[in-house]
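To keep things clear, I will list the structure first and then write my remarks on it.
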Amino acid sequence: MERKTITKWFWVWQFEQEEDWLNEMAAEGWLLESVGFCRYTFVRCEPGTYTVRTEMRPYDDQYVKFMEETGAEYVGRMMMWIYFRKKTEDGVFDLYSDIDSRISHLDRIGKVLLAIGGANLLIGLVNSFNPVARAGWVNLLCATLLMYGLGRIHGKKESLEKERALHE
Amino acid sequence: MPGIPALTESTYYILLSLHRPRHGYGIMQQTEELSGGRVRLAAGTLYGALNTLCDKGWIVLKTVDEDSRRKEYQLTDKGREILINEVKRLKELARNGEMVLGEEL
């Protein structure tokens, strides 16, 4: 089987773009086979025969089983991101079908960003006042970036909440 | 039944599908069939909703069948009562709509 591995970086708030890109690859005949850190391995497939979906979810064995029962295939996970694929002939494949569950997905992402961002801020501040440690600025930079990500996720959530005020 | 908030469309169809015990995929199929293909429950949404409904005691997990290893969900008496009240509420909504718009419909 013909395979190729692509190294590509997506910021956490770009998860929709990541998914779009994976589906463009599938439409061109490259099916996601495994994921690594910024690495995606594809295998040749019939163009347009698969839909790929990704979401952030803490490890949950029951969830993977549940998804497999609905006909989805588990591709793999990278940190807290999980990847599934499903044959297009088996019907439309989405992970979320209402606004509430999309919002709770964004909440999950937000919580993780807040936790890691907060930890980096704390370490960064402590190290800044510690004459021996010199790398405090790295943590502060990470914290800034993570907080920026949190802002982007929050923005997405707000627009969904506005929509929900009118309909489901 | 004042004070009981409206159910979301997902919750409504999940409870309605569980009129008879079903596993996850069965709920997805039944919902699509009942709504004539209009309402489609995505697996991630359904999974979260089933856990919430179990916590609330509106549905329960039935004893897992050893052979199939699939989990079946079942409506509880409380869940059935909530579903019946929701149908009454929806009837009232439809009745009022018809009363006001009458011939336009």
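If you're wondering about the labels, chains in the structure tokens are A, B, ... by order shown, residues count from 1 in each chain, ligands from 1 in order shown.
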
Closest contacts (chain A/chain B, max 10 Å, only C-alpha atoms) as JSON lines:
{"residue": "A:Glu55", "atom": "CA", "partner": "B:Gly44", "partner_atom": "CA", "distance": 9.3}
{"residue": "A:Gln62", "atom": "CA", "partner": "B:Tyr47", "partner_atom": "CA", "distance": 9.6}
{"residue": "A:Tyr63", "atom": "CA", "partner": "B:Tyr47", "partner_atom": "CA", "distance": 7.4}
{"residue": "A:Lys65", "atom": "CA", "partner": "B:Arg70", "partner_atom": "CA", "distance": 9.2}
{"residue": "A:Phe66", "atom": "CA", "partner": "B:Gly24", "partner_atom": "CA", "distance": 7.2}
{"residue": "A:Met67", "atom": "CA", "partner": "B:Ala43", "partner_atom": "CA", "distance": 6.5}
{"residue": "A:Glu68", "atom": "CA", "partner": "B:Tyr25", "partner_atom": "CA", "distance": 9.7}
{"residue": "A:Glu69", "atom": "CA", "partner": "B:Tyr25", "partner_atom": "CA", "distance": 6.6}
{"residue": "A:Thr70", "atom": "CA", "partner": "B:Tyr25", "partner_atom": "CA", "distance": 5.3}
{"residue": "A:Gly71", "atom": "CA", "partner": "B:Tyr25", "partner_atom": "CA", "distance": 8.7}
{"residue": "A:Ala72", "atom": "CA", "partner": "B:Ala43", "partner_atom": "CA", "distance": 9.3}
{"residue": "A:Val92", "atom": "CA", "partner": "B:Arg40", "partner_atom": "CA", "distance": 8.9}
{"residue": "A:Phe93", "atom": "CA", "partner": "B:Ala42", "partner_atom": "CA", "distance": 7.3}
{"residue": "A:Asp94", "atom": "CA", "partner": "B:Ala42", "partner_atom": "CA", "distance": 5.4}
{"residue": "A:Leu95", "atom": "CA", "partner": "B:Gly44", "partner_atom": "CA", "distance": 4.7}
{"residue": "A:Tyr96", "atom": "CA", "partner": "B:Thr45", "partner_atom": "CA", "distance": 4.9}
{"residue": "A:Ser97", "atom": "CA", "partner": "B:Ala42", "partner_atom": "CA", "distance": 5.1}
{"residue": "A:Asp98", "atom": "CA", "partner": "B:Thr45", "partner_atom": "CA", "distance": 7.1}
{"residue": "A:Ile99", "atom": "CA", "partner": "B:Thr45", "partner_atom": "CA", "distance": 9.4}
{"residue": "A:Asp100", "atom": "CA", "partner": "B:Thr45", "partner_atom": "CA", "distance": 8.5}
{"residue": "A:Ser101", "atom": "CA", "partner": "B:Thr45", "partner_atom": "CA", "distance": 5.6}
{"residue": "A:Arg102", "atom": "CA", "partner": "B:Thr45", "partner_atom": "CA", "distance": 8.2}
{"residue": "A:Ser104", "atom": "CA", "partner": "B:Gly48", "partner_atom": "CA", "distance": 9.3}
{"residue": "A:His105", "atom": "CA", "partner": "B:Gly44", "partner_atom": "CA", "distance": 9.5}
{"residue": "A:His167", "atom": "CA", "partner": "B:Thr8", "partner_atom": "CA", "distance": 9.8}
{"residue": "A:Glu168", "atom": "CA", "partner": "B:Thr8", "partner_atom": "CA", "distance": 7.1}

Can I get the selected residues back with C-alpha atoms, as an mmCIF file, in the first residue's frame?
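Result saved to result_15.cif:
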data_model
loop_
_atom_site.group_PDB
_atom_site.id
_atom_site.type_symbol
_atom_site.label_atom_id
_atom_site.label_comp_id
_atom_site.auth_asym_id
_atom_site.auth_seq_id
_atom_site.Cartn_x
_atom_site.Cartn_y
_atom_site.Cartn_z
ATOM 1 C CA GLU A 55 -12.333 16.082 18.785
ATOM 2 C CA GLN A 62 -16.263 3.256 26.525
ATOM 3 C CA TYR A 63 -16.543 6.138 24.089
ATOM 4 C CA LYS A 65 -16.433 1.298 21.806
ATOM 5 C CA PHE A 66 -19.598 3.345 21.435
ATOM 6 C CA MET A 67 -18.262 5.025 18.288
ATOM 7 C CA GLU A 68 -17.221 1.685 16.806
ATOM 8 C CA GLU A 69 -20.731 0.351 17.377
ATOM 9 C CA THR A 70 -22.053 3.172 15.223
ATOM 10 C CA GLY A 71 -19.791 2.159 12.363
ATOM 11 C CA ALA A 72 -16.909 4.569 12.906
ATOM 12 C CA VAL A 92 -23.282 11.291 7.161
ATOM 13 C CA PHE A 93 -20.595 11.300 9.826
ATOM 14 C CA ASP A 94 -20.580 14.061 12.434
ATOM 15 C CA LEU A 95 -19.525 13.957 16.066
ATOM 16 C CA TYR A 96 -21.921 16.657 17.211
ATOM 17 C CA SER A 97 -25.422 17.389 16.034
ATOM 18 C CA ASP A 98 -26.598 20.155 18.333
ATOM 19 C CA ILE A 99 -25.345 23.460 19.687
ATOM 20 C CA ASP A 100 -25.231 22.289 23.318
ATOM 21 C CA SER A 101 -22.786 19.484 22.638
ATOM 22 C CA ARG A 102 -20.629 21.761 20.443
ATOM 23 C CA SER A 104 -19.504 21.507 25.823
ATOM 24 C CA HIS A 105 -16.739 20.381 23.438
ATOM 25 C CA HIS A 167 -32.891 28.131 18.252
ATOM 26 C CA GLU A 168 -31.323 24.806 19.133
#

task = Determine which residues of stretch 13-130 of chain A receive a DSSP assignment of strand (DSSP E), computed from the backbone, and state them as a PyMOL selection string.
result = chain A and resi 30-36+39-44+50-56+73-78+81-87

Keeping only N, CA, C and O atoms, write those residues as a CSV table (one decimal), in the first residue's frame.
chain,number,residue,atom,x,y,z
A,30,TRP,N,-6.3,10.2,-0.1
A,30,TRP,CA,-5.3,9.9,1.0
A,30,TRP,C,-6.1,9.8,2.3
A,30,TRP,O,-6.5,10.8,2.8
A,31,LEU,N,-6.2,8.6,2.8
A,31,LEU,CA,-6.9,8.3,4.0
A,31,LEU,C,-6.0,8.4,5.2
A,31,LEU,O,-5.0,7.7,5.3
A,32,LEU,N,-6.4,9.1,6.3
A,32,LEU,CA,-5.7,9.2,7.5
A,32,LEU,C,-5.6,7.8,8.1
A,32,LEU,O,-6.6,7.1,8.4
A,33,GLU,N,-4.3,7.4,8.4
A,33,GLU,CA,-4.1,6.0,8.9
A,33,GLU,C,-3.6,6.1,10.3
A,33,GLU,O,-4.0,5.2,11.2
A,34,SER,N,-2.8,7.0,10.7
A,34,SER,CA,-2.3,7.2,12.0
A,34,SER,C,-1.9,8.6,12.3
A,34,SER,O,-1.6,9.4,11.3
A,35,VAL,N,-1.8,9.0,13.5
A,35,VAL,CA,-1.4,10.4,13.9
A,35,VAL,C,-0.3,10.3,14.9
A,35,VAL,O,-0.2,9.4,15.7
A,36,GLY,N,0.6,11.3,14.8
A,36,GLY,CA,1.6,11.5,15.8
A,36,GLY,C,1.7,13.0,16.1
A,36,GLY,O,0.9,13.7,15.7
A,39,ARG,N,2.4,15.0,13.0
A,39,ARG,CA,2.6,14.0,11.9
A,39,ARG,C,1.4,13.3,11.6
A,39,ARG,O,0.7,12.7,12.4
A,40,TYR,N,1.1,13.3,10.3
A,40,TYR,CA,-0.1,12.6,9.8
A,40,TYR,C,0.3,11.5,8.8
A,40,TYR,O,1.0,11.9,7.8
A,41,THR,N,0.0,10.3,9.0
A,41,THR,CA,0.3,9.3,8.0
A,41,THR,C,-0.9,8.9,7.2
A,41,THR,O,-2.0,8.6,7.8
A,42,PHE,N,-0.8,8.9,5.9
A,42,PHE,CA,-2.0,8.6,5.0
A,42,PHE,C,-1.7,7.4,4.2
A,42,PHE,O,-0.6,7.1,3.9
A,43,VAL,N,-2.8,6.7,3.9
A,43,VAL,CA,-2.6,5.5,3.0
A,43,VAL,C,-3.6,5.8,1.8
A,43,VAL,O,-4.6,6.5,1.9
A,44,ARG,N,-3.2,5.2,0.7
A,44,ARG,CA,-4.0,5.4,-0.6
A,44,ARG,C,-5.4,4.9,-0.4
A,44,ARG,O,-5.6,3.8,0.1
A,50,TYR,N,-14.2,8.2,2.4
A,50,TYR,CA,-14.2,8.3,3.9
A,50,TYR,C,-14.4,9.8,4.4
A,50,TYR,O,-14.1,10.7,3.7
A,51,THR,N,-15.0,9.9,5.6
A,51,THR,CA,-15.1,11.1,6.3
A,51,THR,C,-14.3,11.0,7.6
A,51,THR,O,-14.3,10.0,8.2
A,52,VAL,N,-13.5,12.0,7.9
A,52,VAL,CA,-12.6,12.0,9.0
A,52,VAL,C,-13.1,13.0,10.1
A,52,VAL,O,-13.5,14.1,9.7
A,53,ARG,N,-13.1,12.7,11.3
A,53,ARG,CA,-13.5,13.6,12.4
A,53,ARG,C,-12.5,13.6,13.5
A,53,ARG,O,-11.9,12.5,13.8
A,54,THR,N,-12.3,14.7,14.2
A,54,THR,CA,-11.5,14.8,15.3
A,54,THR,C,-12.1,15.6,16.4
A,54,THR,O,-12.9,16.5,16.1
A,55,GLU,N,-11.8,15.3,17.7
A,55,GLU,CA,-12.3,16.1,18.8
A,55,GLU,C,-11.4,15.9,20.0
A,55,GLU,O,-10.6,15.0,20.0
A,56,MET,N,-11.5,16.8,20.9
A,56,MET,CA,-10.8,16.7,22.2
A,56,MET,C,-11.7,16.0,23.2
A,56,MET,O,-12.8,16.4,23.4
A,73,GLU,N,-14.5,4.1,12.6
A,73,GLU,CA,-13.3,3.4,12.9
A,73,GLU,C,-12.4,4.3,13.7
A,73,GLU,O,-12.3,5.5,13.4
A,74,TYR,N,-11.8,3.8,14.7
A,74,TYR,CA,-10.9,4.6,15.5
A,74,TYR,C,-9.5,4.6,14.8
A,74,TYR,O,-8.9,3.6,14.5
A,75,VAL,N,-9.0,5.8,14.6
A,75,VAL,CA,-7.7,6.0,13.9
A,75,VAL,C,-6.6,6.1,14.9
A,75,VAL,O,-5.6,5.4,14.7
A,76,GLY,N,-6.8,6.9,15.9
A,76,GLY,CA,-5.7,7.0,16.9
A,76,GLY,C,-5.9,8.3,17.7
A,76,GLY,O,-6.9,9.0,17.6
A,77,ARG,N,-5.0,8.5,18.7
A,77,ARG,CA,-5.1,9.8,19.4
A,77,ARG,C,-3.8,10.4,19.6
A,77,ARG,O,-2.7,9.7,19.6
A,78,MET,N,-3.8,11.7,19.7
A,78,MET,CA,-2.5,12.5,19.9
A,78,MET,C,-2.8,13.4,21.0
A,78,MET,O,-3.7,14.3,20.9
A,81,TRP,N,-6.4,14.7,21.7
A,81,TRP,CA,-7.2,14.7,20.5
A,81,TRP,C,-7.4,13.3,19.9
A,81,TRP,O,-6.5,12.5,19.9
A,82,ILE,N,-8.6,13.0,19.6
A,82,ILE,CA,-9.0,11.6,19.1
A,82,ILE,C,-9.5,11.7,17.7
A,82,ILE,O,-10.1,12.7,17.3
A,83,TYR,N,-9.1,10.7,16.9
A,83,TYR,CA,-9.4,10.8,15.4
A,83,TYR,C,-10.2,9.5,15.1
A,83,TYR,O,-9.9,8.4,15.4
A,84,PHE,N,-11.3,9.8,14.3
A,84,PHE,CA,-12.2,8.7,13.8
A,84,PHE,C,-12.3,8.9,12.3
A,84,PHE,O,-12.2,10.0,11.8
A,85,ARG,N,-12.7,7.8,11.6
A,85,ARG,CA,-13.1,7.9,10.2
A,85,ARG,C,-14.2,7.0,10.0
A,85,ARG,O,-14.4,6.0,10.7
A,86,LYS,N,-15.0,7.3,9.0
A,86,LYS,CA,-16.1,6.4,8.6
A,86,LYS,C,-16.4,6.4,7.1
A,86,LYS,O,-16.2,7.5,6.5
A,87,LYS,N,-16.8,5.3,6.6
A,87,LYS,CA,-17.0,5.2,5.2
A,87,LYS,C,-18.2,6.1,4.8
A,87,LYS,O,-19.2,6.1,5.5

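Our summary of the geometry notes that atom CA of A:Trp13 is positioned 20.8 Å from atom CA of A:Val138.
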
Could you tell me, as an mmCIF file with N, CA and C atoms, in the first residue's frame, which residues of stretch 13-59 of chain B DSSP assigns to helix (DSSP H, G or I) when given the backbone?
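The new file states-v6.cif reads:
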data_model
loop_
_atom_site.group_PDB
_atom_site.id
_atom_site.type_symbol
_atom_site.label_atom_id
_atom_site.label_comp_id
_atom_site.auth_asym_id
_atom_site.auth_seq_id
_atom_site.Cartn_x
_atom_site.Cartn_y
_atom_site.Cartn_z
ATOM 1 N N TYR B 13 -36.045 13.191 21.206
ATOM 2 C CA TYR B 13 -36.001 12.008 20.345
ATOM 3 C C TYR B 13 -35.293 10.822 20.997
ATOM 4 N N ILE B 14 -34.341 11.108 21.866
ATOM 5 C CA ILE B 14 -33.684 9.998 22.583
ATOM 6 C C ILE B 14 -34.706 9.308 23.484
ATOM 7 N N LEU B 15 -35.456 10.105 24.258
ATOM 8 C CA LEU B 15 -36.463 9.526 25.162
ATOM 9 C C LEU B 15 -37.531 8.783 24.364
ATOM 10 N N LEU B 16 -37.936 9.407 23.255
ATOM 11 C CA LEU B 16 -38.978 8.794 22.432
ATOM 12 C C LEU B 16 -38.502 7.458 21.840
ATOM 13 N N SER B 17 -37.251 7.432 21.413
ATOM 14 C CA SER B 17 -36.701 6.184 20.845
ATOM 15 C C SER B 17 -36.625 5.093 21.893
ATOM 16 N N GLY B 24 -27.111 2.271 21.634
ATOM 17 C CA GLY B 24 -26.809 3.585 21.067
ATOM 18 C C GLY B 24 -27.143 3.729 19.592
ATOM 19 N N TYR B 25 -26.647 2.810 18.799
ATOM 20 C CA TYR B 25 -26.855 2.928 17.358
ATOM 21 C C TYR B 25 -28.342 2.802 17.013
ATOM 22 N N GLY B 26 -29.046 1.970 17.785
ATOM 23 C CA GLY B 26 -30.491 1.809 17.592
ATOM 24 C C GLY B 26 -31.232 3.122 17.816
ATOM 25 N N ILE B 27 -30.770 3.900 18.802
ATOM 26 C CA ILE B 27 -31.398 5.196 19.077
ATOM 27 C C ILE B 27 -31.193 6.135 17.892
ATOM 28 N N MET B 28 -29.973 6.113 17.333
ATOM 29 C CA MET B 28 -29.678 6.970 16.176
ATOM 30 C C MET B 28 -30.578 6.618 14.992
ATOM 31 N N GLN B 29 -30.723 5.322 14.755
ATOM 32 C CA GLN B 29 -31.547 4.871 13.618
ATOM 33 C C GLN B 29 -33.014 5.207 13.821
ATOM 34 N N GLN B 30 -33.504 4.943 15.038
ATOM 35 C CA GLN B 30 -34.911 5.170 15.337
ATOM 36 C C GLN B 30 -35.271 6.657 15.224
ATOM 37 N N THR B 31 -34.357 7.519 15.705
ATOM 38 C CA THR B 31 -34.581 8.965 15.637
ATOM 39 C C THR B 31 -34.684 9.419 14.180
ATOM 40 N N GLU B 32 -33.793 8.914 13.369
ATOM 41 C CA GLU B 32 -33.796 9.302 11.969
ATOM 42 C C GLU B 32 -35.081 8.831 11.286
ATOM 43 N N GLU B 33 -35.499 7.629 11.656
ATOM 44 C CA GLU B 33 -36.701 7.063 11.054
ATOM 45 C C GLU B 33 -37.951 7.832 11.491
ATOM 46 N N LEU B 34 -38.062 8.073 12.811
ATOM 47 C CA LEU B 34 -39.232 8.777 13.343
ATOM 48 C C LEU B 34 -39.385 10.169 12.735
ATOM 49 N N ALA B 43 -22.969 10.756 17.005
ATOM 50 C CA ALA B 43 -22.576 9.831 18.073
ATOM 51 C C ALA B 43 -22.023 10.539 19.314
ATOM 52 N N GLY B 44 -21.222 11.584 19.122
ATOM 53 C CA GLY B 44 -20.645 12.294 20.262
ATOM 54 C C GLY B 44 -21.717 12.992 21.089
ATOM 55 N N THR B 45 -22.656 13.596 20.387
ATOM 56 C CA THR B 45 -23.781 14.257 21.049
ATOM 57 C C THR B 45 -24.605 13.232 21.828
ATOM 58 N N LEU B 46 -24.896 12.118 21.177
ATOM 59 C CA LEU B 46 -25.713 11.078 21.804
ATOM 60 C C LEU B 46 -25.034 10.512 23.046
ATOM 61 N N TYR B 47 -23.743 10.259 22.938
ATOM 62 C CA TYR B 47 -22.995 9.674 24.064
ATOM 63 C C TYR B 47 -23.077 10.576 25.299
ATOM 64 N N GLY B 48 -22.838 11.878 25.093
ATOM 65 C CA GLY B 48 -22.911 12.823 26.202
ATOM 66 C C GLY B 48 -24.316 12.879 26.786
ATOM 67 N N ALA B 49 -25.322 12.912 25.893
ATOM 68 C CA ALA B 49 -26.713 13.013 26.344
ATOM 69 C C ALA B 49 -27.123 11.768 27.130
ATOM 70 N N LEU B 50 -26.718 10.585 26.681
ATOM 71 C CA LEU B 50 -27.077 9.342 27.383
ATOM 72 C C LEU B 50 -26.502 9.333 28.796
ATOM 73 N N ASN B 51 -25.244 9.784 28.927
ATOM 74 C CA ASN B 51 -24.638 9.837 30.263
ATOM 75 C C ASN B 51 -25.399 10.800 31.169
ATOM 76 N N THR B 52 -25.754 11.972 30.609
ATOM 77 C CA THR B 52 -26.500 12.956 31.406
ATOM 78 C C THR B 52 -27.865 12.404 31.815
ATOM 79 N N LEU B 53 -28.552 11.752 30.876
ATOM 80 C CA LEU B 53 -29.893 11.222 31.176
ATOM 81 C C LEU B 53 -29.834 10.098 32.213
ATOM 82 N N CYS B 54 -28.764 9.302 32.173
ATOM 83 C CA CYS B 54 -28.576 8.255 33.192
ATOM 84 C C CYS B 54 -28.367 8.899 34.563
ATOM 85 N N ASP B 55 -27.519 9.949 34.596
ATOM 86 C CA ASP B 55 -27.262 10.636 35.870
ATOM 87 C C ASP B 55 -28.544 11.222 36.457
ATOM 88 N N LYS B 56 -29.417 11.709 35.571
ATOM 89 C CA LYS B 56 -30.667 12.313 36.022
ATOM 90 C C LYS B 56 -31.708 11.268 36.413
#

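Note that the spacing between atom CA of A:Arg152 and atom CA of A:Gly110 amounts to 9.5 Å.
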
ask   = Near B:Ile82, counting only C-alpha atoms, which residues have an atom at most 12 Å away, once you skip same-chain residues fewer than 3 positions from it, shown as a list in words?
value = Met1, Ile4, Pro5, Ala6, Leu7, Thr11, Tyr12, Leu15, Leu16, Leu53, Lys56, Gly57, Trp58, Ile59, Leu75, Thr76, Asp77, Lys78, Gly79, Asn85, Glu86, Val87, Lys88 and Arg89 of chain B

Shell of 8 Å around stretch 116-123 of chain A, only C-alpha atoms, local chain residues under 3 positions omitted, as a PyMOL selection string = chain A and resi 112-113+126-127+136+139-140+142-144+146-147

Selection from above, all heavy atoms, as a PDB file, in the first residue's frame, can you write it?
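The result, written out as result.pdb:
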ATOM      1  N   VAL A 112      -8.784  22.635  29.446  1.00  0.00           N
ATOM      2  CA  VAL A 112      -7.415  22.136  29.307  1.00  0.00           C
ATOM      3  C   VAL A 112      -6.447  23.298  29.080  1.00  0.00           C
ATOM      4  O   VAL A 112      -5.382  23.362  29.703  1.00  0.00           O
ATOM      5  CB  VAL A 112      -7.331  21.103  28.151  1.00  0.00           C
ATOM      6  CG1 VAL A 112      -5.885  20.725  27.870  1.00  0.00           C
ATOM      7  CG2 VAL A 112      -8.140  19.869  28.502  1.00  0.00           C
ATOM      8  N   LEU A 113      -6.845  24.242  28.197  1.00  0.00           N
ATOM      9  CA  LEU A 113      -5.984  25.400  27.932  1.00  0.00           C
ATOM     10  C   LEU A 113      -5.760  26.211  29.201  1.00  0.00           C
ATOM     11  O   LEU A 113      -4.650  26.651  29.488  1.00  0.00           O
ATOM     12  CB  LEU A 113      -6.615  26.290  26.857  1.00  0.00           C
ATOM     13  CG  LEU A 113      -6.628  25.748  25.435  1.00  0.00           C
ATOM     14  CD1 LEU A 113      -7.261  26.756  24.499  1.00  0.00           C
ATOM     15  CD2 LEU A 113      -5.217  25.439  24.965  1.00  0.00           C
ATOM     16  N   VAL A 126       7.306  32.162  39.053  1.00  0.00           N
ATOM     17  CA  VAL A 126       8.230  31.680  40.087  1.00  0.00           C
ATOM     18  C   VAL A 126       9.668  31.752  39.567  1.00  0.00           C
ATOM     19  O   VAL A 126      10.567  32.268  40.234  1.00  0.00           O
ATOM     20  CB  VAL A 126       7.876  30.234  40.523  1.00  0.00           C
ATOM     21  CG1 VAL A 126       8.981  29.639  41.382  1.00  0.00           C
ATOM     22  CG2 VAL A 126       6.552  30.224  41.278  1.00  0.00           C
ATOM     23  N   ASN A 127       9.868  31.279  38.328  1.00  0.00           N
ATOM     24  CA  ASN A 127      11.217  31.265  37.752  1.00  0.00           C
ATOM     25  C   ASN A 127      11.755  32.668  37.481  1.00  0.00           C
ATOM     26  O   ASN A 127      12.959  32.891  37.511  1.00  0.00           O
ATOM     27  CB  ASN A 127      11.245  30.439  36.466  1.00  0.00           C
ATOM     28  CG  ASN A 127      11.251  28.949  36.775  1.00  0.00           C
ATOM     29  OD1 ASN A 127      11.484  28.553  37.920  1.00  0.00           O
ATOM     30  ND2 ASN A 127      11.000  28.143  35.770  1.00  0.00           N
ATOM     31  N   GLY A 136      12.358  31.249  32.782  1.00  0.00           N
ATOM     32  CA  GLY A 136      11.014  31.672  33.166  1.00  0.00           C
ATOM     33  C   GLY A 136      10.241  32.298  32.010  1.00  0.00           C
ATOM     34  O   GLY A 136       9.042  32.070  31.869  1.00  0.00           O
ATOM     35  N   ASN A 139       8.107  29.906  29.857  1.00  0.00           N
ATOM     36  CA  ASN A 139       6.800  29.565  30.405  1.00  0.00           C
ATOM     37  C   ASN A 139       5.814  30.725  30.244  1.00  0.00           C
ATOM     38  O   ASN A 139       4.643  30.523  29.936  1.00  0.00           O
ATOM     39  CB  ASN A 139       6.912  29.206  31.890  1.00  0.00           C
ATOM     40  CG  ASN A 139       7.699  27.927  32.077  1.00  0.00           C
ATOM     41  OD1 ASN A 139       8.852  27.966  32.490  1.00  0.00           O
ATOM     42  ND2 ASN A 139       7.096  26.810  31.740  1.00  0.00           N
ATOM     43  N   LEU A 140       6.318  31.938  30.425  1.00  0.00           N
ATOM     44  CA  LEU A 140       5.435  33.097  30.279  1.00  0.00           C
ATOM     45  C   LEU A 140       4.955  33.236  28.839  1.00  0.00           C
ATOM     46  O   LEU A 140       3.799  33.556  28.583  1.00  0.00           O
ATOM     47  CB  LEU A 140       6.142  34.376  30.737  1.00  0.00           C
ATOM     48  CG  LEU A 140       6.373  34.460  32.249  1.00  0.00           C
ATOM     49  CD1 LEU A 140       7.123  35.745  32.603  1.00  0.00           C
ATOM     50  CD2 LEU A 140       5.050  34.402  33.024  1.00  0.00           C
ATOM     51  N   CYS A 142       4.626  30.689  26.725  1.00  0.00           N
ATOM     52  CA  CYS A 142       3.644  29.607  26.554  1.00  0.00           C
ATOM     53  C   CYS A 142       2.298  30.024  27.142  1.00  0.00           C
ATOM     54  O   CYS A 142       1.249  29.827  26.517  1.00  0.00           O
ATOM     55  CB  CYS A 142       4.102  28.333  27.265  1.00  0.00           C
ATOM     56  SG  CYS A 142       5.380  27.463  26.387  1.00  0.00           S
ATOM     57  N   ALA A 143       2.358  30.605  28.350  1.00  0.00           N
ATOM     58  CA  ALA A 143       1.116  31.014  29.013  1.00  0.00           C
ATOM     59  C   ALA A 143       0.363  32.027  28.154  1.00  0.00           C
ATOM     60  O   ALA A 143      -0.850  31.924  27.971  1.00  0.00           O
ATOM     61  CB  ALA A 143       1.435  31.596  30.386  1.00  0.00           C
ATOM     62  N   THR A 144       1.103  32.996  27.580  1.00  0.00           N
ATOM     63  CA  THR A 144       0.473  34.019  26.737  1.00  0.00           C
ATOM     64  C   THR A 144      -0.223  33.376  25.545  1.00  0.00           C
ATOM     65  O   THR A 144      -1.369  33.693  25.219  1.00  0.00           O
ATOM     66  CB  THR A 144       1.557  35.010  26.230  1.00  0.00           C
ATOM     67  OG1 THR A 144       2.325  35.415  27.344  1.00  0.00           O
ATOM     68  CG2 THR A 144       0.928  36.211  25.566  1.00  0.00           C
ATOM     69  N   LEU A 146      -1.225  30.249  25.219  1.00  0.00           N
ATOM     70  CA  LEU A 146      -2.357  29.418  25.635  1.00  0.00           C
ATOM     71  C   LEU A 146      -3.564  30.291  25.990  1.00  0.00           C
ATOM     72  O   LEU A 146      -4.707  29.941  25.696  1.00  0.00           O
ATOM     73  CB  LEU A 146      -1.966  28.536  26.827  1.00  0.00           C
ATOM     74  CG  LEU A 146      -1.022  27.387  26.454  1.00  0.00           C
ATOM     75  CD1 LEU A 146      -0.295  26.861  27.675  1.00  0.00           C
ATOM     76  CD2 LEU A 146      -1.790  26.257  25.781  1.00  0.00           C
ATOM     77  N   MET A 147      -3.287  31.446  26.598  1.00  0.00           N
ATOM     78  CA  MET A 147      -4.384  32.346  26.938  1.00  0.00           C
ATOM     79  C   MET A 147      -5.005  32.934  25.666  1.00  0.00           C
ATOM     80  O   MET A 147      -6.200  33.159  25.587  1.00  0.00           O
ATOM     81  CB  MET A 147      -3.921  33.459  27.872  1.00  0.00           C
ATOM     82  CG  MET A 147      -3.595  32.956  29.265  1.00  0.00           C
ATOM     83  SD  MET A 147      -4.959  31.992  29.983  1.00  0.00           S
ATOM     84  CE  MET A 147      -4.102  30.900  31.064  1.00  0.00           C
TER      85      MET A 147
END
